[in-house]
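Okay, work-v8.pdb now, which holds PDB, C-alpha atoms and all ligand atoms:
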ATOM      1  CA  MET N   1      98.525  97.281  86.661  1.00  0.00           C
ATOM      2  CA  THR N   2      96.304  99.145  89.058  1.00  0.00           C
ATOM      3  CA  ASP N   3      97.256 102.777  89.256  1.00  0.00           C
ATOM      4  CA  ILE N   4      98.487 103.596  92.718  1.00  0.00           C
ATOM      5  CA  MET N   5     100.573 106.633  91.859  1.00  0.00           C
ATOM      6  CA  THR N   6     100.242 109.887  93.644  1.00  0.00           C
ATOM      7  CA  PRO N   7      99.460 112.876  91.390  1.00  0.00           C
ATOM      8  CA  GLU N   8     103.070 114.004  91.897  1.00  0.00           C
ATOM      9  CA  GLN N   9     104.469 110.680  90.745  1.00  0.00           C
ATOM     10  CA  ARG N  10     102.225 110.725  87.726  1.00  0.00           C
ATOM     11  CA  HIS N  11     103.292 114.267  86.924  1.00  0.00           C
ATOM     12  CA  PHE N  12     106.924 113.218  87.136  1.00  0.00           C
ATOM     13  CA  CYS N  13     106.331 110.344  84.724  1.00  0.00           C
ATOM     14  CA  MET N  14     104.528 112.525  82.259  1.00  0.00           C
ATOM     15  CA  SER N  15     107.316 115.090  82.375  1.00  0.00           C
ATOM     16  CA  GLN N  16     109.859 112.337  81.717  1.00  0.00           C
ATOM     17  CA  ILE N  17     107.828 111.044  78.824  1.00  0.00           C
ATOM     18  CA  LYS N  18     107.568 114.481  77.234  1.00  0.00           C
ATOM     19  CA  GLY N  19     111.199 115.406  77.886  1.00  0.00           C
ATOM     20  CA  LYS N  20     113.523 114.142  75.199  1.00  0.00           C
ATOM     21  CA  ASN N  21     116.882 112.420  75.562  1.00  0.00           C
ATOM     22  CA  THR N  22     116.850 111.667  79.242  1.00  0.00           C
ATOM     23  CA  LYS N  23     119.189 108.759  79.787  1.00  0.00           C
ATOM     24  CA  PRO N  24     117.377 105.743  81.233  1.00  0.00           C
ATOM     25  CA  GLU N  25     119.691 105.698  84.226  1.00  0.00           C
ATOM     26  CA  ILE N  26     119.076 109.344  85.061  1.00  0.00           C
ATOM     27  CA  MET N  27     115.335 108.812  84.785  1.00  0.00           C
ATOM     28  CA  VAL N  28     115.389 106.020  87.341  1.00  0.00           C
ATOM     29  CA  ARG N  29     117.704 107.963  89.633  1.00  0.00           C
ATOM     30  CA  LYS N  30     115.470 111.028  89.613  1.00  0.00           C
ATOM     31  CA  TRP N  31     112.446 108.876  90.275  1.00  0.00           C
ATOM     32  CA  LEU N  32     114.069 107.179  93.259  1.00  0.00           C
ATOM     33  CA  TRP N  33     115.301 110.461  94.691  1.00  0.00           C
ATOM     34  CA  ARG N  34     111.877 112.034  94.468  1.00  0.00           C
ATOM     35  CA  ASN N  35     110.370 109.048  96.203  1.00  0.00           C
ATOM     36  CA  GLY N  36     112.717 109.367  99.125  1.00  0.00           C
ATOM     37  CA  TYR N  37     115.302 106.717  98.276  1.00  0.00           C
ATOM     38  CA  ARG N  38     118.911 107.627  98.850  1.00  0.00           C
ATOM     39  CA  TYR N  39     121.615 105.828  96.936  1.00  0.00           C
ATOM     40  CA  ARG N  40     125.172 105.745  95.691  1.00  0.00           C
ATOM     41  CA  ILE N  41     125.968 105.477  92.016  1.00  0.00           C
ATOM     42  CA  ASN N  42     128.533 103.438  90.082  1.00  0.00           C
ATOM     43  CA  ASP N  43     130.071 101.898  93.149  1.00  0.00           C
ATOM     44  CA  LYS N  44     133.455 100.545  92.036  1.00  0.00           C
ATOM     45  CA  ARG N  45     133.895  98.482  95.179  1.00  0.00           C
ATOM     46  CA  LEU N  46     131.049  96.147  94.225  1.00  0.00           C
ATOM     47  CA  PRO N  47     131.035  93.514  91.450  1.00  0.00           C
ATOM     48  CA  GLY N  48     129.829  94.975  88.168  1.00  0.00           C
ATOM     49  CA  LYS N  49     130.148  98.590  89.396  1.00  0.00           C
ATOM     50  CA  PRO N  50     126.377  98.773  89.990  1.00  0.00           C
ATOM     51  CA  ASP N  51     124.538 101.798  88.606  1.00  0.00           C
ATOM     52  CA  ILE N  52     122.507 102.339  91.762  1.00  0.00           C
ATOM     53  CA  VAL N  53     123.194 101.095  95.273  1.00  0.00           C
ATOM     54  CA  ILE N  54     120.554 101.561  97.964  1.00  0.00           C
ATOM     55  CA  SER N  55     122.561 100.563 101.034  1.00  0.00           C
ATOM     56  CA  ARG N  56     119.692 100.948 103.454  1.00  0.00           C
ATOM     57  CA  LEU N  57     117.730  98.264 101.626  1.00  0.00           C
ATOM     58  CA  LYS N  58     120.853  96.291 100.719  1.00  0.00           C
ATOM     59  CA  THR N  59     119.592  96.512  97.151  1.00  0.00           C
ATOM     60  CA  ILE N  60     121.296  97.092  93.851  1.00  0.00           C
ATOM     61  CA  ILE N  61     119.710  98.272  90.636  1.00  0.00           C
ATOM     62  CA  PHE N  62     121.353  97.729  87.286  1.00  0.00           C
ATOM     63  CA  ILE N  63     119.987  99.768  84.400  1.00  0.00           C
ATOM     64  CA  ASN N  64     120.896  97.614  81.434  1.00  0.00           C
ATOM     65  CA  GLY N  65     121.164  98.645  77.814  1.00  0.00           C
ATOM     66  CA  CYS N  66     119.300  95.997  75.816  1.00  0.00           C
ATOM     67  CA  PHE N  67     121.980  95.581  73.157  1.00  0.00           C
ATOM     68  CA  TRP N  68     125.111  95.405  75.309  1.00  0.00           C
ATOM     69  CA  HIS N  69     123.573  93.149  77.881  1.00  0.00           C
ATOM     70  CA  GLY N  70     121.741  90.972  75.344  1.00  0.00           C
ATOM     71  CA  HIS N  71     118.136  91.396  76.431  1.00  0.00           C
ATOM     72  CA  THR N  72     115.916  88.679  74.946  1.00  0.00           C
ATOM     73  CA  PRO N  73     113.268  88.697  73.757  1.00  0.00           C
ATOM     74  CA  CYS N  74     113.498  92.400  72.991  1.00  0.00           C
ATOM     75  CA  ASP N  75     112.982  94.660  69.972  1.00  0.00           C
ATOM     76  CA  LYS N  76     116.053  96.665  70.883  1.00  0.00           C
ATOM     77  CA  PHE N  77     118.354  93.692  70.773  1.00  0.00           C
ATOM     78  CA  LYS N  78     119.259  92.666  67.252  1.00  0.00           C
ATOM     79  CA  LEU N  79     122.687  91.398  66.295  1.00  0.00           C
ATOM     80  CA  PRO N  80     124.292  93.468  63.519  1.00  0.00           C
ATOM     81  CA  LYS N  81     124.269  91.847  60.086  1.00  0.00           C
ATOM     82  CA  THR N  82     128.016  92.279  59.703  1.00  0.00           C
ATOM     83  CA  ASN N  83     130.540  90.713  62.072  1.00  0.00           C
ATOM     84  CA  THR N  84     127.675  88.801  63.590  1.00  0.00           C
ATOM     85  CA  GLN N  85     129.923  86.202  65.211  1.00  0.00           C
ATOM     86  CA  PHE N  86     132.076  88.847  66.828  1.00  0.00           C
ATOM     87  CA  TRP N  87     129.092  90.647  68.318  1.00  0.00           C
ATOM     88  CA  SER N  88     127.422  87.448  69.369  1.00  0.00           C
ATOM     89  CA  ALA N  89     130.541  86.325  71.242  1.00  0.00           C
ATOM     90  CA  LYS N  90     131.005  89.733  72.812  1.00  0.00           C
ATOM     91  CA  ILE N  91     127.448  89.944  74.079  1.00  0.00           C
ATOM     92  CA  THR N  92     127.539  86.393  75.383  1.00  0.00           C
ATOM     93  CA  ARG N  93     130.632  87.362  77.395  1.00  0.00           C
ATOM     94  CA  ASN N  94     128.766  90.384  78.771  1.00  0.00           C
ATOM     95  CA  GLN N  95     125.837  88.187  79.772  1.00  0.00           C
ATOM     96  CA  GLU N  96     128.138  85.731  81.483  1.00  0.00           C
ATOM     97  CA  ARG N  97     129.879  88.533  83.343  1.00  0.00           C
ATOM     98  CA  ASP N  98     126.512  89.969  84.415  1.00  0.00           C
ATOM     99  CA  ALA N  99     125.383  86.586  85.713  1.00  0.00           C
ATOM    100  CA  ALA N 100     128.631  86.127  87.647  1.00  0.00           C
ATOM    101  CA  ASN N 101     128.373  89.618  89.160  1.00  0.00           C
ATOM    102  CA  HIS N 102     124.768  89.124  90.191  1.00  0.00           C
ATOM    103  CA  MET N 103     125.606  85.802  91.774  1.00  0.00           C
ATOM    104  CA  GLN N 104     128.501  87.335  93.681  1.00  0.00           C
ATOM    105  CA  LEU N 105     126.276  90.126  94.959  1.00  0.00           C
ATOM    106  CA  LYS N 106     123.482  87.773  95.987  1.00  0.00           C
ATOM    107  CA  LEU N 107     125.947  85.588  97.842  1.00  0.00           C
ATOM    108  CA  THR N 108     126.974  88.608  99.886  1.00  0.00           C
ATOM    109  CA  GLY N 109     123.396  89.435 100.808  1.00  0.00           C
ATOM    110  CA  TRP N 110     122.393  91.951  98.159  1.00  0.00           C
ATOM    111  CA  THR N 111     119.074  91.972  96.385  1.00  0.00           C
ATOM    112  CA  VAL N 112     119.747  92.559  92.697  1.00  0.00           C
ATOM    113  CA  LEU N 113     117.189  94.268  90.470  1.00  0.00           C
ATOM    114  CA  VAL N 114     117.574  94.830  86.741  1.00  0.00           C
ATOM    115  CA  VAL N 115     115.715  97.500  84.813  1.00  0.00           C
ATOM    116  CA  TRP N 116     116.020  97.185  81.038  1.00  0.00           C
ATOM    117  CA  GLU N 117     116.313 100.178  78.780  1.00  0.00           C
ATOM    118  CA  CYS N 118     113.274  99.049  76.754  1.00  0.00           C
ATOM    119  CA  GLN N 119     111.126  99.025  79.892  1.00  0.00           C
ATOM    120  CA  LEU N 120     111.729 102.755  80.184  1.00  0.00           C
ATOM    121  CA  LYS N 121     110.309 103.509  76.769  1.00  0.00           C
ATOM    122  CA  GLN N 122     107.455 105.970  76.654  1.00  0.00           C
ATOM    123  CA  GLN N 123     104.729 103.297  76.532  1.00  0.00           C
ATOM    124  CA  THR N 124     106.047 101.322  79.481  1.00  0.00           C
ATOM    125  CA  LEU N 125     107.751 103.944  81.635  1.00  0.00           C
ATOM    126  CA  ILE N 126     104.897 104.479  84.091  1.00  0.00           C
ATOM    127  CA  ASP N 127     104.332 100.765  84.675  1.00  0.00           C
ATOM    128  CA  THR N 128     108.044 100.139  85.088  1.00  0.00           C
ATOM    129  CA  LEU N 129     108.625 102.883  87.641  1.00  0.00           C
ATOM    130  CA  GLN N 130     105.509 101.867  89.508  1.00  0.00           C
ATOM    131  CA  ALA N 131     106.612  98.234  89.575  1.00  0.00           C
ATOM    132  CA  LEU N 132     110.021  99.335  90.820  1.00  0.00           C
ATOM    133  CA  THR N 133     108.467 101.307  93.663  1.00  0.00           C
ATOM    134  CA  ILE N 134     106.318  98.353  94.655  1.00  0.00           C
ATOM    135  CA  ARG N 135     109.316  96.006  94.579  1.00  0.00           C
ATOM    136  CA  LEU N 136     111.359  98.358  96.766  1.00  0.00           C
ATOM    137  CA  SER N 137     108.479  98.674  99.220  1.00  0.00           C
ATOM    138  CA  GLN N 138     108.317  94.882  99.452  1.00  0.00           C
ATOM    139  CA  ILE N 139     112.038  94.752 100.132  1.00  0.00           C
ATOM    140  CA  TYR N 140     111.670  97.458 102.759  1.00  0.00           C
ATOM    141  CA  LEU N 141     108.863  95.592 104.495  1.00  0.00           C
ATOM    142  CA  SER N 142     110.713  92.296 104.442  1.00  0.00           C
ATOM    143  CA  GLN N 143     113.759  93.879 106.077  1.00  0.00           C
ATOM    144  CA  PHE N 144     112.107  96.208 108.553  1.00  0.00           C
ATOM    145  CA  ARG N 145     109.354  94.052 109.919  1.00  0.00           C
ATOM    146  CA  PRO N 146     108.946  95.392 113.450  1.00  0.00           C
ATOM    147  CA  LYS N 147     109.660  93.024 116.316  1.00  0.00           C
ATOM    148  CA  PRO N 148     106.296  92.046 117.815  1.00  0.00           C
ATOM    149  CA  THR N 149     107.529  92.434 121.365  1.00  0.00           C
ATOM    150  CA  THR N 150     108.661  96.015 120.818  1.00  0.00           C
ATOM    151  CA  TYR N 151     105.979  97.455 118.633  1.00  0.00           C
ATOM    152  CA  ALA N 152     102.958  95.274 119.243  1.00  0.00           C
ATOM    153  CA  ILE N 153      99.801  97.247 118.709  1.00  0.00           C
ATOM    154  CA  GLU N 154      97.172  96.061 121.086  1.00  0.00           C
ATOM    155  CA  SER N 155      93.721  95.398 119.830  1.00  0.00           C
ATOM    156  CA  ASP N 156      91.465  97.782 121.648  1.00  0.00           C
ATOM    157  CA  THR N 157      87.823  97.400 120.900  1.00  0.00           C
ATOM    158  CA  SER N 158      86.794 100.511 122.819  1.00  0.00           C
ATOM    159  CA  PHE N 159      86.829 102.589 119.619  1.00  0.00           C
ATOM    160  CA  ALA N 160      84.298 100.313 118.073  1.00  0.00           C
ATOM    161  CA  ALA N 161      82.192 100.468 121.204  1.00  0.00           C
ATOM    162  CA  GLU N 162      81.844 104.250 121.059  1.00  0.00           C
ATOM    163  CA  ASN N 163      78.404 105.488 120.397  1.00  0.00           C
ATOM    164  CA  ASN N 164      78.218 106.719 116.820  1.00  0.00           C
ATOM    165  CA  THR N 165      75.489 109.216 117.486  1.00  0.00           C
ATOM    166  CA  ASP N 166      77.881 111.318 119.635  1.00  0.00           C
ATOM    167  CA  TYR N 167      79.634 112.571 116.513  1.00  0.00           C
ATOM    168  CA  GLY N 168      76.533 114.255 115.240  1.00  0.00           C
ATOM    169  CA  ASN N 169      76.125 116.412 118.335  1.00  0.00           C
ATOM    170  CA  GLN N 170      79.230 118.579 118.065  1.00  0.00           C
TER     171      GLN N 170
HETATM  172 ZN    ZN W 201     115.018  95.217  76.079  1.00  0.00          ZN
END
Take the structure in this file and express it as structure tokens.
Ligand SMILES: [Zn+2]
Amino acid sequence: MTDIMTPEQRHFCMSQIKGKNTKPEIMVRKWLWRNGYRYRINDKRLPGKPDIVISRLKTIIFINGCFWHGHTPCDKFKLPKTNTQFWSAKITRNQERDAANHMQLKLTGWTVLVVWECQLKQQTLIDTLQALTIRLSQIYLSQFRPKPTTYAIESDTSFAAENNTDYGNQ
């Protein structure tokens, strides 16, 4: 991915990579906050008690643990060798519940984003946070497209017509 991060954003990522034991969820929250997004956390009123709710963008972000939510294909998701059937059934139920929650949210107008724990690993953290920022910007633009009648910017060619040589004489 092309690097479009500001030096500050890059610094933040590097500090997160060097810092140990930051929970994935906290990492994403800090990132959003620093980039100007305001949100609620663990909203019990919404299906699935979403980790992050950005009301202004009508967007929800789930930060999913790869094991509990059955991320495939993923290195972090391996069924235990004992009680395999039990775990398999349990994780399938979690996946079904996730799907139902996402559907419910989408039906009520929310955009649902999922960030997986493995995407926040050291090697992929920068790309993931950058992709998240881009996605949120797209959502912002799709929702806040200015009405042409109110904010139309007229094309004025007079700037182009200015004589360039004037600038050199100041
Ligand atoms: Zn994963």
request  = Please provide as a list in words all residues within 9 Å of stretch 117-129 of chain N, with the sequence filter that same-chain residues fewer than 6 positions apart are discarded (counting all atoms listed in the file).
outcome  =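 Residues meeting the cut-off are Met1, Asp3, Arg10, Cys13, Met14, Gln16, Ile17, Lys18, Pro24, Glu25, Met27, Val28, Trp31, Leu32, Ile63, Asn64, Gly65, Cys66, Cys74, Asp75 and Lys76 of chain N.
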task = Excluding stretch 94-102 of chain N and residues on its chain fewer than 5 positions from it, collect all residues at most 7 Å away from it, counting only C-alpha atoms, and give them as a list in words.
result = Pro47, Gly48, His69, Gly70 and Val112 of chain N
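With only C-alpha atoms and all ligand atoms as the atoms that count, the minimum distance from ligand ZN 201 (chain W) to the choices N:Leu141, N:Leu107, N:Val114, N:Ile134 is reached by N:Val114.
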request  = Pick out the closest residue to N:Ser55 from this set: N:Tyr37, N:Trp68, N:Ser142, N:Leu113. Count all atoms listed in the file.
outcome  =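 Closest candidate: N:Tyr37.
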message = Report, in Å to a single decimal, how far apart atom CA of N:Pro73 and atom CA of N:Asp43 are.
response =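 Atom CA of N:Pro73 lies at a distance of 28.9 Å from atom CA of N:Asp43.
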Need the axis-aligned box for stretch 116-119 of chain N with 3 Å each side, so what are the centre and edges in Å to one decimal, as AutoDock Vina command-line options?
--center_x 113.7 --center_y 98.7 --center_z 78.9 --size_x 11.2 --size_y 9.0 --size_z 10.3
Interatomic distance (Å, one decimal) between atom CA of N:Lys106 and atom CA of N:Arg40 = 18.1 Å
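Straight-line separation from atom CA of N:Val53 to atom CA of N:Arg145: 21.3 Å.
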query = Using all atoms listed in the file, which of N:Trp33, N:Phe144, N:Trp87, N:Trp116 sits nearest ligand ZN 201 (chain W)?
reply = N:Trp116
task = Go through N:Asn35, N:Thr72, N:Gln138, N:Asn83 one by one, measure the shortest atom-to-atom distance of each to ligand ZN 201 (chain W) using all atoms listed in the file, and give the residue with the smallest value.
result = N:Thr72
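Shortest atom-to-atom contact with ligand ZN 201 (chain W) among N:Leu132, N:Phe67, N:Leu79, N:Glu154: N:Phe67, counting only C-alpha atoms and all ligand atoms.
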request  = Counting all atoms listed in the file, figure out which residue out of N:Phe77, N:Ala89, N:Tyr140, N:Leu46 gets nearest to ligand ZN 201 (chain W).
outcome  = N:Phe77
task = Find the spatial neighbours of N:Thr111, counting only C-alpha atoms, within a cut-off of 7 Å - ignore same-chain residues fewer than 6 positions away - and output them as a list in words.
result =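 These residues fall inside the cut-off: Lys58, Thr59 and Ile60 of chain N.
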Please write the residues from the selection above to a file, keeping C-alpha atoms, as a PDB file, in the coordinates of the input.
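Once written, selection_6.pdb looks like this:
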ATOM      1  CA  LYS N  58     120.853  96.291 100.719  1.00  0.00           C
ATOM      2  CA  THR N  59     119.592  96.512  97.151  1.00  0.00           C
ATOM      3  CA  ILE N  60     121.296  97.092  93.851  1.00  0.00           C
TER       4      ILE N  60
END
At the level of N, CA and C atoms, write stretch 5-45 of chain N to a file as an mmCIF file, in the first residue's frame, please.
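The resulting file, selection-v7.cif, is shown below:
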data_model
loop_
_atom_site.group_PDB
_atom_site.id
_atom_site.type_symbol
_atom_site.label_atom_id
_atom_site.label_comp_id
_atom_site.auth_asym_id
_atom_site.auth_seq_id
_atom_site.Cartn_x
_atom_site.Cartn_y
_atom_site.Cartn_z
ATOM 1 N N MET N 5 0.773 8.165 5.283
ATOM 2 C CA MET N 5 0.682 8.574 6.684
ATOM 3 C C MET N 5 1.434 9.871 6.923
ATOM 4 N N THR N 6 0.902 10.629 7.852
ATOM 5 C CA THR N 6 1.643 11.793 8.297
ATOM 6 C C THR N 6 2.763 11.289 9.206
ATOM 7 N N PRO N 7 3.805 12.091 9.413
ATOM 8 C CA PRO N 7 4.885 11.663 10.322
ATOM 9 C C PRO N 7 4.343 11.299 11.707
ATOM 10 N N GLU N 8 3.334 12.066 12.162
ATOM 11 C CA GLU N 8 2.737 11.777 13.473
ATOM 12 C C GLU N 8 2.081 10.401 13.520
ATOM 13 N N GLN N 9 1.349 10.085 12.463
ATOM 14 C CA GLN N 9 0.681 8.781 12.408
ATOM 15 C C GLN N 9 1.708 7.662 12.408
ATOM 16 N N ARG N 10 2.757 7.879 11.639
ATOM 17 C CA ARG N 10 3.810 6.869 11.570
ATOM 18 C C ARG N 10 4.468 6.695 12.939
ATOM 19 N N HIS N 11 4.710 7.814 13.592
ATOM 20 C CA HIS N 11 5.316 7.765 14.925
ATOM 21 C C HIS N 11 4.427 6.980 15.885
ATOM 22 N N PHE N 12 3.128 7.237 15.797
ATOM 23 C CA PHE N 12 2.191 6.514 16.659
ATOM 24 C C PHE N 12 2.292 5.004 16.414
ATOM 25 N N CYS N 13 2.304 4.623 15.140
ATOM 26 C CA CYS N 13 2.382 3.200 14.813
ATOM 27 C C CYS N 13 3.651 2.574 15.355
ATOM 28 N N MET N 14 4.753 3.277 15.156
ATOM 29 C CA MET N 14 6.016 2.731 15.625
ATOM 30 C C MET N 14 5.999 2.585 17.147
ATOM 31 N N SER N 15 5.404 3.546 17.828
ATOM 32 C CA SER N 15 5.369 3.461 19.288
ATOM 33 C C SER N 15 4.484 2.289 19.737
ATOM 34 N N GLN N 16 3.426 2.024 18.958
ATOM 35 C CA GLN N 16 2.568 0.885 19.293
ATOM 36 C C GLN N 16 3.275 -0.439 19.038
ATOM 37 N N ILE N 17 4.083 -0.435 17.993
ATOM 38 C CA ILE N 17 4.800 -1.662 17.652
ATOM 39 C C ILE N 17 5.842 -1.970 18.721
ATOM 40 N N LYS N 18 6.521 -0.926 19.183
ATOM 41 C CA LYS N 18 7.568 -1.143 20.197
ATOM 42 C C LYS N 18 6.972 -1.449 21.559
ATOM 43 N N GLY N 19 5.851 -0.799 21.886
ATOM 44 C CA GLY N 19 5.226 -1.019 23.191
ATOM 45 C C GLY N 19 4.671 -2.431 23.280
ATOM 46 N N LYS N 20 4.872 -3.065 24.384
ATOM 47 C CA LYS N 20 4.396 -4.447 24.526
ATOM 48 C C LYS N 20 3.009 -4.477 25.168
ATOM 49 N N ASN N 21 2.268 -5.548 24.856
ATOM 50 C CA ASN N 21 1.034 -5.853 25.574
ATOM 51 C C ASN N 21 -0.081 -4.826 25.454
ATOM 52 N N THR N 22 -0.092 -4.061 24.382
ATOM 53 C CA THR N 22 -1.251 -3.202 24.207
ATOM 54 C C THR N 22 -2.360 -4.055 23.607
ATOM 55 N N LYS N 23 -3.505 -4.038 24.233
ATOM 56 C CA LYS N 23 -4.621 -4.819 23.695
ATOM 57 C C LYS N 23 -5.006 -4.266 22.328
ATOM 58 N N PRO N 24 -5.320 -5.170 21.398
ATOM 59 C CA PRO N 24 -5.685 -4.733 20.044
ATOM 60 C C PRO N 24 -6.750 -3.637 20.046
ATOM 61 N N GLU N 25 -7.746 -3.808 20.903
ATOM 62 C CA GLU N 25 -8.849 -2.858 20.937
ATOM 63 C C GLU N 25 -8.385 -1.455 21.345
ATOM 64 N N ILE N 26 -7.502 -1.424 22.343
ATOM 65 C CA ILE N 26 -6.997 -0.151 22.835
ATOM 66 C C ILE N 26 -6.172 0.547 21.743
ATOM 67 N N MET N 27 -5.419 -0.270 21.018
ATOM 68 C CA MET N 27 -4.574 0.264 19.952
ATOM 69 C C MET N 27 -5.423 0.989 18.908
ATOM 70 N N VAL N 28 -6.496 0.335 18.502
ATOM 71 C CA VAL N 28 -7.376 0.921 17.492
ATOM 72 C C VAL N 28 -8.068 2.168 18.044
ATOM 73 N N ARG N 29 -8.483 2.090 19.302
ATOM 74 C CA ARG N 29 -9.155 3.238 19.911
ATOM 75 C C ARG N 29 -8.250 4.457 19.971
ATOM 76 N N LYS N 30 -7.020 4.234 20.398
ATOM 77 C CA LYS N 30 -6.052 5.340 20.486
ATOM 78 C C LYS N 30 -5.812 5.964 19.113
ATOM 79 N N TRP N 31 -5.683 5.070 18.140
ATOM 80 C CA TRP N 31 -5.438 5.520 16.771
ATOM 81 C C TRP N 31 -6.575 6.411 16.279
ATOM 82 N N LEU N 32 -7.804 5.947 16.496
ATOM 83 C CA LEU N 32 -8.971 6.708 16.050
ATOM 84 C C LEU N 32 -9.024 8.059 16.748
ATOM 85 N N TRP N 33 -8.795 8.039 18.048
ATOM 86 C CA TRP N 33 -8.877 9.269 18.839
ATOM 87 C C TRP N 33 -7.885 10.302 18.324
ATOM 88 N N ARG N 34 -6.667 9.830 18.096
ATOM 89 C CA ARG N 34 -5.620 10.729 17.611
ATOM 90 C C ARG N 34 -5.918 11.287 16.230
ATOM 91 N N ASN N 35 -6.695 10.545 15.466
ATOM 92 C CA ASN N 35 -7.028 10.993 14.126
ATOM 93 C C ASN N 35 -8.358 11.740 14.079
ATOM 94 N N GLY N 36 -8.838 12.096 15.245
ATOM 95 C CA GLY N 36 -9.990 12.988 15.308
ATOM 96 C C GLY N 36 -11.346 12.318 15.342
ATOM 97 N N TYR N 37 -11.374 10.984 15.391
ATOM 98 C CA TYR N 37 -12.667 10.297 15.456
ATOM 99 C C TYR N 37 -13.129 10.196 16.899
ATOM 100 N N ARG N 38 -14.395 10.485 17.105
ATOM 101 C CA ARG N 38 -14.962 10.355 18.442
ATOM 102 C C ARG N 38 -15.942 9.197 18.427
ATOM 103 N N TYR N 39 -15.969 8.447 19.517
ATOM 104 C CA TYR N 39 -16.728 7.196 19.498
ATOM 105 C C TYR N 39 -17.203 6.817 20.894
ATOM 106 N N ARG N 40 -18.153 5.889 20.918
ATOM 107 C CA ARG N 40 -18.546 5.260 22.173
ATOM 108 C C ARG N 40 -17.981 3.850 22.162
ATOM 109 N N ILE N 41 -17.811 3.281 23.336
ATOM 110 C CA ILE N 41 -17.308 1.905 23.362
ATOM 111 C C ILE N 41 -18.322 0.972 24.022
ATOM 112 N N ASN N 42 -18.277 -0.285 23.586
ATOM 113 C CA ASN N 42 -19.092 -1.360 24.161
ATOM 114 C C ASN N 42 -20.544 -0.954 24.393
ATOM 115 N N ASP N 43 -21.159 -0.464 23.344
ATOM 116 C CA ASP N 43 -22.531 -0.002 23.472
ATOM 117 C C ASP N 43 -23.505 -1.164 23.620
ATOM 118 N N LYS N 44 -24.063 -1.297 24.817
ATOM 119 C CA LYS N 44 -24.951 -2.439 25.123
ATOM 120 C C LYS N 44 -26.287 -2.353 24.392
ATOM 121 N N ARG N 45 -26.641 -1.168 23.943
ATOM 122 C CA ARG N 45 -27.949 -1.019 23.300
ATOM 123 C C ARG N 45 -27.969 -1.575 21.879
#
